[in-house]
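Below is target25.txt, holding compact mmCIF, C-alpha atoms.
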```txt
# COMPACT_ATOMS: atom_id res chain seq x y z
CA MET A 1 31.28 -7.08 -51.52
CA GLN A 2 32.31 -4.21 -49.29
CA LYS A 3 31.04 -0.66 -48.94
CA THR A 4 32.57 1.93 -46.62
CA PHE A 5 31.17 5.20 -45.33
CA THR A 6 33.58 7.72 -43.83
CA GLU A 7 32.91 11.12 -42.32
CA PHE A 8 36.16 13.05 -42.28
CA SER A 9 34.94 15.77 -39.90
CA THR A 10 34.35 13.21 -37.12
CA ASN A 11 36.56 10.25 -38.24
CA ALA A 12 33.40 8.12 -38.34
CA ILE A 13 33.64 4.78 -40.14
CA LEU A 14 30.91 2.33 -41.16
CA LYS A 15 31.69 -0.80 -43.19
CA ILE A 16 29.06 -3.08 -44.68
CA GLY A 17 30.00 -6.25 -46.50
CA ASP A 18 30.21 -10.01 -46.49
CA GLU A 19 32.79 -12.51 -45.22
CA ALA A 20 35.52 -10.70 -47.15
CA LEU A 21 35.45 -8.09 -44.37
CA LEU A 22 36.58 -10.82 -41.96
CA GLU A 23 39.56 -12.12 -43.94
CA SER A 24 41.99 -10.03 -41.88
CA TYR A 25 40.89 -12.03 -38.82
CA LYS A 26 42.26 -15.36 -39.98
CA ILE A 27 44.76 -14.83 -37.16
CA ALA A 28 43.15 -13.93 -33.82
CA LYS A 29 43.17 -10.25 -32.93
CA GLN A 30 41.01 -7.60 -31.32
CA PRO A 31 38.68 -5.87 -33.81
CA ASP A 32 39.30 -2.17 -34.31
CA LEU A 33 35.56 -1.75 -34.84
CA TYR A 34 32.36 -2.94 -33.18
CA THR A 35 31.20 -5.83 -35.34
CA PHE A 36 27.91 -7.56 -36.12
CA ILE A 37 27.98 -10.82 -38.08
CA ARG A 38 24.76 -12.29 -39.43
CA THR A 39 24.57 -15.76 -40.93
CA ALA A 40 22.10 -16.64 -43.68
CA ASN A 41 21.52 -20.22 -44.89
CA SER A 42 24.85 -21.67 -43.78
CA LYS A 43 26.79 -21.73 -40.53
CA ALA A 44 29.99 -19.92 -39.64
CA GLU A 45 32.96 -21.18 -37.63
CA ILE A 46 34.77 -18.68 -35.44
CA VAL A 47 36.95 -18.46 -32.31
CA VAL A 48 36.37 -15.83 -29.62
CA ASP A 49 38.85 -15.51 -26.75
CA SER A 50 40.32 -18.90 -27.74
CA ILE A 51 36.93 -20.68 -27.54
CA PRO A 52 35.60 -22.14 -30.83
CA TYR A 53 31.97 -21.45 -31.73
CA THR A 54 29.68 -22.65 -34.48
CA ILE A 55 27.21 -19.94 -35.40
CA GLU A 56 24.13 -21.66 -36.76
CA PRO A 57 22.30 -20.38 -39.85
CA ASN A 58 20.01 -17.36 -39.40
CA SER A 59 21.76 -15.91 -36.36
CA ILE A 60 23.38 -12.65 -35.26
CA LEU A 61 26.42 -12.21 -33.07
CA ALA A 62 27.92 -9.02 -31.68
CA LEU A 63 31.63 -8.45 -31.03
CA THR A 64 33.28 -5.66 -29.07
CA THR A 65 36.73 -4.18 -29.54
CA VAL A 66 38.13 -5.96 -26.46
CA GLN A 67 37.41 -9.55 -27.52
CA TYR A 68 39.98 -11.57 -29.46
CA PHE A 69 38.31 -12.78 -32.65
CA GLN A 70 39.37 -15.31 -35.28
CA PHE A 71 37.36 -16.09 -38.41
CA LEU A 72 37.63 -19.68 -39.61
CA SER A 73 34.89 -20.13 -42.21
CA GLY A 74 31.50 -18.93 -43.37
CA LYS A 75 29.77 -17.75 -46.54
CA ASP A 76 26.94 -15.44 -47.51
CA LEU A 77 27.47 -13.46 -44.32
CA VAL A 78 26.24 -9.94 -43.64
CA VAL A 79 28.84 -7.94 -41.71
CA TYR A 80 28.45 -4.49 -40.17
CA GLN A 81 31.45 -2.76 -38.60
CA PHE A 82 31.57 0.72 -37.09
CA ASN A 83 33.65 2.81 -34.70
CA ARG A 84 32.52 4.86 -31.72
CA GLU A 85 32.81 8.05 -33.79
CA PHE A 86 30.11 6.68 -36.11
CA TYR A 87 27.88 5.36 -33.33
CA CYS A 88 28.87 5.56 -29.68
CA ILE A 89 27.19 2.78 -27.73
CA LYS A 90 27.38 4.68 -24.43
CA ASP A 91 26.30 8.09 -25.76
CA HIS A 92 23.29 6.63 -27.57
CA ASP A 93 22.26 4.22 -24.83
CA GLN A 94 19.00 6.06 -24.13
CA GLU A 95 17.99 5.34 -27.72
CA VAL A 96 18.98 1.67 -27.99
CA SER A 97 19.44 0.33 -24.41
CA CYS A 98 22.14 -2.12 -25.49
CA ALA A 99 25.16 -1.14 -23.36
CA GLY A 100 25.75 -3.73 -20.67
CA LEU A 101 23.59 -6.28 -22.45
CA LEU A 102 24.28 -6.70 -26.16
CA PHE A 103 27.73 -5.13 -25.69
CA PHE A 104 29.76 -5.61 -22.48
CA GLY A 105 27.07 -7.72 -20.83
CA ASN A 106 27.54 -10.51 -18.36
CA VAL A 107 26.53 -12.93 -21.14
CA HIS A 108 30.05 -13.28 -22.53
CA PHE A 109 29.11 -14.06 -26.10
CA PRO A 110 25.48 -13.45 -27.11
CA ILE A 111 24.26 -15.36 -30.17
CA ILE A 112 20.78 -14.38 -31.33
CA GLU A 113 18.71 -16.80 -33.39
CA LEU A 114 16.30 -15.40 -35.97
CA ASP A 115 12.98 -16.77 -37.16
CA SER A 116 11.66 -16.25 -40.70
CA LYS A 117 9.77 -13.05 -39.79
CA GLU A 118 12.85 -11.51 -38.16
CA ASN A 119 14.98 -12.53 -41.13
CA ARG A 120 12.63 -10.79 -43.55
CA LYS A 121 12.67 -7.65 -41.44
CA LEU A 122 16.48 -7.57 -41.34
CA ASN A 123 16.76 -8.34 -45.07
CA ILE A 124 14.64 -5.28 -45.82
CA LEU A 125 16.71 -3.17 -43.42
CA HIS A 126 19.90 -4.36 -45.13
CA GLU A 127 18.59 -3.29 -48.53
CA VAL A 128 17.80 0.16 -47.12
CA PHE A 129 21.34 0.31 -45.70
CA LEU A 130 22.84 -0.45 -49.12
CA ASP A 131 20.56 2.05 -50.84
CA GLU A 132 21.49 4.77 -48.34
CA LEU A 133 25.20 4.14 -48.89
CA GLU A 134 24.63 5.11 -52.54
CA THR A 135 22.82 8.33 -51.58
CA GLU A 136 25.47 10.93 -50.93
CA ASP A 137 23.89 14.07 -49.51
CA THR A 138 24.02 16.22 -46.37
CA ILE A 139 21.86 13.87 -44.30
CA GLN A 140 23.47 10.58 -45.35
CA ALA A 141 25.44 10.21 -42.11
CA GLU A 142 22.37 10.79 -39.96
CA MET A 143 20.31 8.35 -42.01
CA LEU A 144 22.98 5.63 -41.67
CA ARG A 145 23.14 6.20 -37.90
CA MET A 146 19.36 5.90 -37.68
CA LEU A 147 19.50 2.60 -39.57
CA MET A 148 22.25 1.28 -37.30
CA ALA A 149 20.21 2.32 -34.26
CA ARG A 150 17.26 0.35 -35.65
CA PHE A 151 19.43 -2.72 -36.22
CA ILE A 152 20.81 -2.50 -32.67
CA ILE A 153 17.33 -2.05 -31.14
CA ILE A 154 16.02 -5.13 -32.99
CA SER A 155 19.05 -7.19 -31.88
CA THR A 156 18.74 -6.04 -28.27
CA ARG A 157 15.03 -6.86 -28.13
CA LEU A 158 15.71 -10.34 -29.47
CA LEU A 159 18.51 -10.89 -26.94
CA LYS A 160 16.25 -9.77 -24.08
CA ALA A 161 13.61 -12.26 -25.22
CA LYS A 162 16.23 -15.03 -25.45
CA GLU A 163 17.50 -14.29 -21.94
CA GLY A 164 13.95 -14.32 -20.57
CA PHE A 165 13.77 -10.60 -19.78
CA VAL A 166 10.13 -9.53 -19.96
CA GLU A 167 9.67 -6.16 -21.66
CA THR A 168 7.76 -3.65 -19.54
CA THR A 169 7.58 0.13 -19.55
CA LYS A 170 9.98 0.15 -16.60
CA ASN A 171 12.59 -2.58 -16.69
CA THR A 172 14.33 -1.58 -13.46
CA LYS A 173 16.03 -4.96 -12.92
CA ILE A 174 17.44 -5.13 -16.46
CA ASP A 175 18.51 -1.49 -16.42
CA LEU A 176 20.28 -1.96 -13.10
CA LEU A 177 22.08 -5.02 -14.47
CA ARG A 178 23.11 -3.10 -17.59
CA GLU A 179 24.43 -0.16 -15.56
CA PHE A 180 26.32 -2.52 -13.27
CA ASN A 181 27.87 -4.38 -16.23
CA MET A 182 29.06 -1.12 -17.77
CA LEU A 183 30.57 0.05 -14.48
CA VAL A 184 32.37 -3.28 -14.11
CA GLU A 185 33.73 -2.91 -17.65
CA SER A 186 35.12 0.50 -16.71
CA PHE A 187 36.55 -0.32 -13.27
CA PHE A 188 37.19 -4.08 -12.98
CA LYS A 189 40.96 -3.63 -13.21
CA THR A 190 41.04 -1.55 -10.04
CA GLU A 191 37.83 -2.23 -8.11
CA HIS A 192 36.76 -5.71 -7.02
CA SER A 193 34.30 -4.99 -4.19
CA VAL A 194 30.52 -4.96 -4.61
CA SER A 195 30.30 -1.96 -2.27
CA PHE A 196 32.24 0.25 -4.72
CA TYR A 197 29.72 -0.42 -7.51
CA ALA A 198 26.76 -0.19 -5.14
CA ASP A 199 27.90 3.30 -4.12
CA LYS A 200 28.21 4.33 -7.76
CA LEU A 201 24.63 3.15 -8.37
CA PHE A 202 23.29 4.67 -5.12
CA LYS A 203 22.19 1.22 -3.97
CA SER A 204 23.15 -1.00 -1.07
CA PRO A 205 25.16 -4.17 -1.77
CA LYS A 206 22.21 -6.15 -0.40
CA THR A 207 19.82 -4.52 -2.88
CA LEU A 208 22.14 -5.44 -5.76
CA SER A 209 22.45 -9.03 -4.55
CA ASN A 210 18.69 -9.43 -4.12
CA THR A 211 17.96 -7.90 -7.54
CA PHE A 212 20.56 -9.95 -9.40
CA SER A 213 19.52 -13.19 -7.71
CA LYS A 214 16.24 -12.86 -9.61
CA LEU A 215 18.32 -12.71 -12.80
CA ASN A 216 20.27 -15.85 -11.80
CA THR A 217 23.56 -14.12 -11.08
CA SER A 218 25.27 -12.07 -8.38
CA PRO A 219 27.27 -8.81 -8.36
CA LEU A 220 30.41 -10.53 -7.08
CA GLN A 221 30.12 -13.29 -9.68
CA ILE A 222 29.99 -10.71 -12.50
CA ILE A 223 33.06 -8.88 -11.14
CA HIS A 224 35.06 -12.08 -10.70
CA GLU A 225 34.08 -13.49 -14.11
CA ARG A 226 35.22 -10.27 -15.80
CA VAL A 227 38.57 -10.33 -13.96
CA VAL A 228 39.14 -13.99 -14.84
CA LEU A 229 38.16 -13.38 -18.48
CA GLU A 230 40.74 -10.58 -18.74
CA ALA A 231 43.40 -12.76 -17.10
CA LYS A 232 42.66 -15.52 -19.62
CA ARG A 233 42.97 -13.11 -22.54
CA LEU A 234 46.32 -11.86 -21.29
CA LEU A 235 47.60 -15.39 -20.67
CA ILE A 236 46.52 -16.57 -24.12
CA TYR A 237 47.41 -13.60 -26.30
CA THR A 238 50.36 -11.93 -24.54
CA ASP A 239 53.70 -12.99 -23.09
CA LYS A 240 53.00 -11.37 -19.72
CA THR A 241 53.80 -13.37 -16.60
CA ALA A 242 51.16 -14.37 -14.08
CA LYS A 243 52.58 -11.76 -11.71
CA GLU A 244 52.36 -9.00 -14.33
CA ILE A 245 48.79 -10.01 -15.17
CA ALA A 246 47.79 -10.04 -11.51
CA TYR A 247 49.06 -6.48 -11.17
CA GLU A 248 47.26 -5.42 -14.36
CA VAL A 249 43.89 -6.63 -13.07
CA GLY A 250 44.30 -5.01 -9.68
CA PHE A 251 45.97 -7.56 -7.40
CA GLU A 252 49.07 -6.53 -5.49
CA ASP A 253 49.64 -10.17 -4.54
CA ALA A 254 49.64 -12.66 -7.42
CA SER A 255 48.42 -15.41 -5.09
CA HIS A 256 45.06 -13.62 -4.75
CA LEU A 257 44.48 -13.79 -8.50
CA SER A 258 45.73 -17.37 -8.55
CA ARG A 259 43.10 -18.44 -6.01
CA LEU A 260 40.31 -16.66 -7.87
CA PHE A 261 41.47 -18.01 -11.24
CA LYS A 262 41.67 -21.57 -9.90
CA LYS A 263 38.19 -21.31 -8.40
CA HIS A 264 36.76 -20.48 -11.83
CA THR A 265 38.93 -22.66 -14.06
CA THR A 266 40.34 -25.39 -11.71
CA LEU A 267 43.83 -24.31 -12.87
CA SER A 268 46.29 -21.75 -11.59
CA PRO A 269 47.33 -19.07 -14.12
CA SER A 270 50.75 -20.71 -14.60
CA ASP A 271 49.19 -24.17 -15.14
CA PHE A 272 46.68 -22.62 -17.55
CA LYS A 273 49.61 -21.14 -19.52
CA LYS A 274 51.46 -24.50 -19.55
CA GLN A 275 48.35 -26.24 -20.85
CA LEU A 276 48.11 -23.69 -23.65
CA LYS A 277 51.70 -24.36 -24.73
CA LYS A 278 51.01 -28.11 -24.89
CA SER A 279 47.99 -27.57 -27.12
CA TYR A 280 49.98 -25.57 -29.73
```
Structure rendered as structure tokens:
Amino acid sequence: MQKTFTEFSTNAILKIGDEALLESYKIAKQPDLYTFIRTANSKAEIVVDSIPYTIEPNSILALTTVQYFQFLSGKDLVVYQFNREFYCIKDHDQEVSCAGLLFFGNVHFPIIELDSKENRKLNILHEVFLDELETEDTIQAEMLRMLMARFIIISTRLLKAKEGFVETTKNTKIDLLREFNMLVESFFKTEHSVSFYADKLFKSPKTLSNTFSKLNTSPLQIIHERVVLEAKRLLIYTDKTAKEIAYEVGFEDASHLSRLFKKHTTLSPSDFKKQLKKSY
């Protein structure tokens, strides 16, 4: 089952379907579209950035366009895919507050478990989605965007609860973390210092460190983890040399990346690449 909405004036695309939508990912590749996968009564087996995951029944996972995704198995899935022209995560962040948390957060791969009440709520929402796809009129696009916003808000709230973020009228710590994560996503290939991001946020590096320590992380850790993640992706999925990768993620001297990479993985980039070749 697959239904597609397209808006030719904006190039917007929304796809709603089941596991058939994921068949093209039997070989790992980066999705062209933001993707939500929801399991029902059975689990799904996938690989993200070369790491295998089992997604338990009654769960949601969110994928961005920069992750490498491979679909191994799963049935009775609900899959939503959309491009930024249909729903731009950054432009609509005031509505849904998901950028830097659900998408591009420091939690590399958020999996959200659903209870029976949440499942019922999302089942109803899915039926409304399908009904709206059959209703072709002048407000169809806006209605579908509203439904996607609702789905994203529900998912983000559940992720916040899972991560132990307490909802208040003014979540300054969470919002600061989200803004920082989005800045890192934009600049990690060229900027590795906490002071750069602190300036962008009109905060002192010390303020960032103190705030993030209460969220069990640190600004420098987030920057370094994002750099290392990108280096891993390039080592796994491209033929680029360690030197080329170092340059791509902002290091003039490959030895600097090598030290950082080894600190996080216990292996140098070249040894990591050799280990990959042995495993294939």
Quiz item: Which residue gives the smallest distance to Ile222 in chain A among A:Ser9, A:Thr64, A:Asn181, A:Ser270, with all atoms listed in the file counted?
Solution: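 Closest candidate: A:Asn181.
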Distance query Ala242 in chain A at most 12 Å, only C-alpha atoms, self and fewer than 6 positions along chain excluded, as a PDB file with C-alpha atoms, in the frame of the given file:
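Written out: selection_28.pdb:
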```pdb
ATOM      1  CA  ALA A 231      43.400 -12.760 -17.100  1.00  0.00           C
ATOM      2  CA  LYS A 232      42.660 -15.520 -19.620  1.00  0.00           C
ATOM      3  CA  ARG A 233      42.970 -13.110 -22.540  1.00  0.00           C
ATOM      4  CA  LEU A 234      46.320 -11.860 -21.290  1.00  0.00           C
ATOM      5  CA  LEU A 235      47.600 -15.390 -20.670  1.00  0.00           C
ATOM      6  CA  ILE A 236      46.520 -16.570 -24.120  1.00  0.00           C
ATOM      7  CA  GLU A 248      47.260  -5.420 -14.360  1.00  0.00           C
ATOM      8  CA  VAL A 249      43.890  -6.630 -13.070  1.00  0.00           C
ATOM      9  CA  PHE A 251      45.970  -7.560  -7.400  1.00  0.00           C
ATOM     10  CA  GLU A 252      49.070  -6.530  -5.490  1.00  0.00           C
ATOM     11  CA  ASP A 253      49.640 -10.170  -4.540  1.00  0.00           C
ATOM     12  CA  ALA A 254      49.640 -12.660  -7.420  1.00  0.00           C
ATOM     13  CA  SER A 255      48.420 -15.410  -5.090  1.00  0.00           C
ATOM     14  CA  HIS A 256      45.060 -13.620  -4.750  1.00  0.00           C
ATOM     15  CA  LEU A 257      44.480 -13.790  -8.500  1.00  0.00           C
ATOM     16  CA  SER A 258      45.730 -17.370  -8.550  1.00  0.00           C
ATOM     17  CA  PHE A 261      41.470 -18.010 -11.240  1.00  0.00           C
ATOM     18  CA  SER A 268      46.290 -21.750 -11.590  1.00  0.00           C
ATOM     19  CA  PRO A 269      47.330 -19.070 -14.120  1.00  0.00           C
ATOM     20  CA  SER A 270      50.750 -20.710 -14.600  1.00  0.00           C
ATOM     21  CA  ASP A 271      49.190 -24.170 -15.140  1.00  0.00           C
ATOM     22  CA  PHE A 272      46.680 -22.620 -17.550  1.00  0.00           C
ATOM     23  CA  LYS A 273      49.610 -21.140 -19.520  1.00  0.00           C
ATOM     24  CA  LYS A 274      51.460 -24.500 -19.550  1.00  0.00           C
TER      25      LYS A 274
END
```
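Going from CA of Val47 in chain A to CA of Gln70 in chain A covers 5.0 Å.
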Exercise. Kindly give the distance, in Å, that separates CA of Ala141 in chain A and CA of Tyr34 in chain A, rounded to a single decimal.
Key: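 CA of Ala141 in chain A sits 17.3 Å away from CA of Tyr34 in chain A.
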Self-check item: Spatial neighbours of Thr6 in chain A, max dist 9 Å, only C-alpha atoms, sep filter under 4 positions, as JSON, numbers by chain
Solution: {"A": [10, 11, 12, 13, 14, 15, 86, 141]}
Exercise. Measure the distance from CA of Glu134 in chain A to CA of Glu118 in chain A in Å and round it to one decimal.
Key: 24.9 Å
Exercise. Do a neighbour search on Pro110 in chain A at 9 Å with all atoms listed in the file, toss out local chain neighbours closer than 3 positions, and write the hits as a list of chain:residue names.
Key: A:Ile60, A:Leu61, A:Ala62, A:Leu63, A:Leu101, A:Leu102, A:Phe103, A:Gly105, A:Val107, A:Leu159
Would you compute an axis-aligned box for range 228-236 of chain A, covering every atom listed for it in the file with 8 Å of margin on each side, and report centre and edge lengths in Å to one decimal as JSON?
```
{"center_x": 42.9, "center_y": -13.6, "center_z": -19.5, "size_x": 25.4, "size_y": 22.0, "size_z": 25.3}
```
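Every protein, DNA or RNA residue with an atom at most 6 Å from Leu33 in chain A, where only C-alpha atoms count and chain neighbours fewer than 6 positions away do not, is listed here: A:Thr65, A:Gln81, A:Phe82, A:Asn83.
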Practice problem: Select, from A:Ile153, A:Val66, A:Val78, A:Leu177, the residue with the minimum atom-to-atom distance to Asp49 in chain A, counting all atoms listed in the file. | Solution: A:Val66
Practice problem: Would you mind listing what lies within 7 Å of Pro205 in chain A as number ranges by chain, with all atoms listed in the file counted and same-chain residues fewer than 3 positions away left out? | Solution: A: 194-195, 198, 208-209
Quiz item: Nearest to Thr238 in chain A: which of A:Phe71, A:Lys29, A:Lys189, A:Tyr197 is it, counting all atoms listed in the file?
Solution: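 Nearest candidate to Thr238 in chain A out of A:Phe71, A:Lys29, A:Lys189, A:Tyr197: A:Lys29.
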Quiz item: Hey, which of A:Gln221, A:Phe109, A:Asp91, A:Tyr68 ends up closest to Tyr53 in chain A? Count only C-alpha atoms.
Solution: A:Phe109
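Each of A:Phe151, A:Leu144, A:Lys75, A:Ala246 was checked against Phe36 in chain A using all atoms listed in the file; the smallest atom-to-atom distance is that of A:Phe151.
Shortest atom-to-atom contact with Glu85 in chain A among A:Arg145, A:His264, A:Arg157, A:Asn210: A:Arg145, counting only C-alpha atoms.
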Filtering to N, CA, C and O atoms, could range 126-144 of chain A of the supplied structure be written out as a PDB file, in the first residue's frame?
```pdb
ATOM      1  N   HIS A 126      -3.662   8.248  11.705  1.00  0.00           N
ATOM      2  CA  HIS A 126      -3.314   7.614  10.429  1.00  0.00           C
ATOM      3  C   HIS A 126      -4.545   7.487   9.528  1.00  0.00           C
ATOM      4  O   HIS A 126      -4.464   7.729   8.319  1.00  0.00           O
ATOM      5  N   GLU A 127      -5.676   7.130  10.114  1.00  0.00           N
ATOM      6  CA  GLU A 127      -6.911   7.036   9.336  1.00  0.00           C
ATOM      7  C   GLU A 127      -7.305   8.393   8.762  1.00  0.00           C
ATOM      8  O   GLU A 127      -7.778   8.491   7.619  1.00  0.00           O
ATOM      9  N   VAL A 128      -7.105   9.454   9.540  1.00  0.00           N
ATOM     10  CA  VAL A 128      -7.410  10.803   9.050  1.00  0.00           C
ATOM     11  C   VAL A 128      -6.461  11.165   7.908  1.00  0.00           C
ATOM     12  O   VAL A 128      -6.870  11.771   6.911  1.00  0.00           O
ATOM     13  N   PHE A 129      -5.191  10.796   8.047  1.00  0.00           N
ATOM     14  CA  PHE A 129      -4.207  10.997   6.972  1.00  0.00           C
ATOM     15  C   PHE A 129      -4.706  10.363   5.666  1.00  0.00           C
ATOM     16  O   PHE A 129      -4.727  11.000   4.606  1.00  0.00           O
ATOM     17  N   LEU A 130      -5.083   9.088   5.751  1.00  0.00           N
ATOM     18  CA  LEU A 130      -5.516   8.354   4.557  1.00  0.00           C
ATOM     19  C   LEU A 130      -6.772   8.966   3.950  1.00  0.00           C
ATOM     20  O   LEU A 130      -6.905   9.078   2.731  1.00  0.00           O
ATOM     21  N   ASP A 131      -7.695   9.379   4.819  1.00  0.00           N
ATOM     22  CA  ASP A 131      -8.920  10.007   4.349  1.00  0.00           C
ATOM     23  C   ASP A 131      -8.611  11.324   3.632  1.00  0.00           C
ATOM     24  O   ASP A 131      -9.182  11.624   2.576  1.00  0.00           O
ATOM     25  N   GLU A 132      -7.693  12.099   4.184  1.00  0.00           N
ATOM     26  CA  GLU A 132      -7.350  13.397   3.604  1.00  0.00           C
ATOM     27  C   GLU A 132      -6.662  13.231   2.253  1.00  0.00           C
ATOM     28  O   GLU A 132      -6.808  14.076   1.355  1.00  0.00           O
ATOM     29  N   LEU A 133      -5.886  12.153   2.101  1.00  0.00           N
ATOM     30  CA  LEU A 133      -5.232  11.907   0.814  1.00  0.00           C
ATOM     31  C   LEU A 133      -6.250  11.660  -0.310  1.00  0.00           C
ATOM     32  O   LEU A 133      -5.938  11.846  -1.484  1.00  0.00           O
ATOM     33  N   GLU A 134      -7.452  11.230   0.077  1.00  0.00           N
ATOM     34  CA  GLU A 134      -8.508  10.987  -0.916  1.00  0.00           C
ATOM     35  C   GLU A 134      -9.325  12.249  -1.203  1.00  0.00           C
ATOM     36  O   GLU A 134     -10.147  12.268  -2.105  1.00  0.00           O
ATOM     37  N   THR A 135      -9.113  13.289  -0.409  1.00  0.00           N
ATOM     38  CA  THR A 135      -9.907  14.515  -0.528  1.00  0.00           C
ATOM     39  C   THR A 135      -9.121  15.565  -1.297  1.00  0.00           C
ATOM     40  O   THR A 135      -8.308  16.309  -0.727  1.00  0.00           O
ATOM     41  N   GLU A 136      -9.317  15.625  -2.567  1.00  0.00           N
ATOM     42  CA  GLU A 136      -8.551  16.549  -3.406  1.00  0.00           C
ATOM     43  C   GLU A 136      -9.305  17.872  -3.569  1.00  0.00           C
ATOM     44  O   GLU A 136     -10.274  17.968  -4.312  1.00  0.00           O
ATOM     45  N   ASP A 137      -8.876  18.874  -2.814  1.00  0.00           N
ATOM     46  CA  ASP A 137      -9.447  20.210  -2.940  1.00  0.00           C
ATOM     47  C   ASP A 137      -8.361  21.247  -2.692  1.00  0.00           C
ATOM     48  O   ASP A 137      -7.181  20.898  -2.546  1.00  0.00           O
ATOM     49  N   THR A 138      -8.739  22.512  -2.599  1.00  0.00           N
ATOM     50  CA  THR A 138      -7.736  23.581  -2.517  1.00  0.00           C
ATOM     51  C   THR A 138      -7.009  23.632  -1.177  1.00  0.00           C
ATOM     52  O   THR A 138      -5.947  24.243  -1.082  1.00  0.00           O
ATOM     53  N   ILE A 139      -7.566  23.012  -0.160  1.00  0.00           N
ATOM     54  CA  ILE A 139      -6.901  23.047   1.151  1.00  0.00           C
ATOM     55  C   ILE A 139      -6.290  21.700   1.535  1.00  0.00           C
ATOM     56  O   ILE A 139      -5.860  21.509   2.672  1.00  0.00           O
ATOM     57  N   GLN A 140      -6.224  20.765   0.605  1.00  0.00           N
ATOM     58  CA  GLN A 140      -5.676  19.440   0.914  1.00  0.00           C
ATOM     59  C   GLN A 140      -4.234  19.523   1.411  1.00  0.00           C
ATOM     60  O   GLN A 140      -3.873  18.899   2.417  1.00  0.00           O
ATOM     61  N   ALA A 141      -3.402  20.310   0.731  1.00  0.00           N
ATOM     62  CA  ALA A 141      -1.992  20.408   1.115  1.00  0.00           C
ATOM     63  C   ALA A 141      -1.853  20.932   2.546  1.00  0.00           C
ATOM     64  O   ALA A 141      -1.073  20.398   3.342  1.00  0.00           O
ATOM     65  N   GLU A 142      -2.626  21.964   2.863  1.00  0.00           N
ATOM     66  CA  GLU A 142      -2.540  22.548   4.208  1.00  0.00           C
ATOM     67  C   GLU A 142      -3.025  21.563   5.266  1.00  0.00           C
ATOM     68  O   GLU A 142      -2.451  21.465   6.360  1.00  0.00           O
ATOM     69  N   MET A 143      -4.076  20.831   4.951  1.00  0.00           N
ATOM     70  CA  MET A 143      -4.584  19.832   5.890  1.00  0.00           C
ATOM     71  C   MET A 143      -3.538  18.743   6.146  1.00  0.00           C
ATOM     72  O   MET A 143      -3.322  18.322   7.286  1.00  0.00           O
ATOM     73  N   LEU A 144      -2.881  18.267   5.090  1.00  0.00           N
ATOM     74  CA  LEU A 144      -1.860  17.226   5.248  1.00  0.00           C
ATOM     75  C   LEU A 144      -0.677  17.743   6.066  1.00  0.00           C
ATOM     76  O   LEU A 144      -0.113  17.015   6.891  1.00  0.00           O
TER      77      LEU A 144
END
```
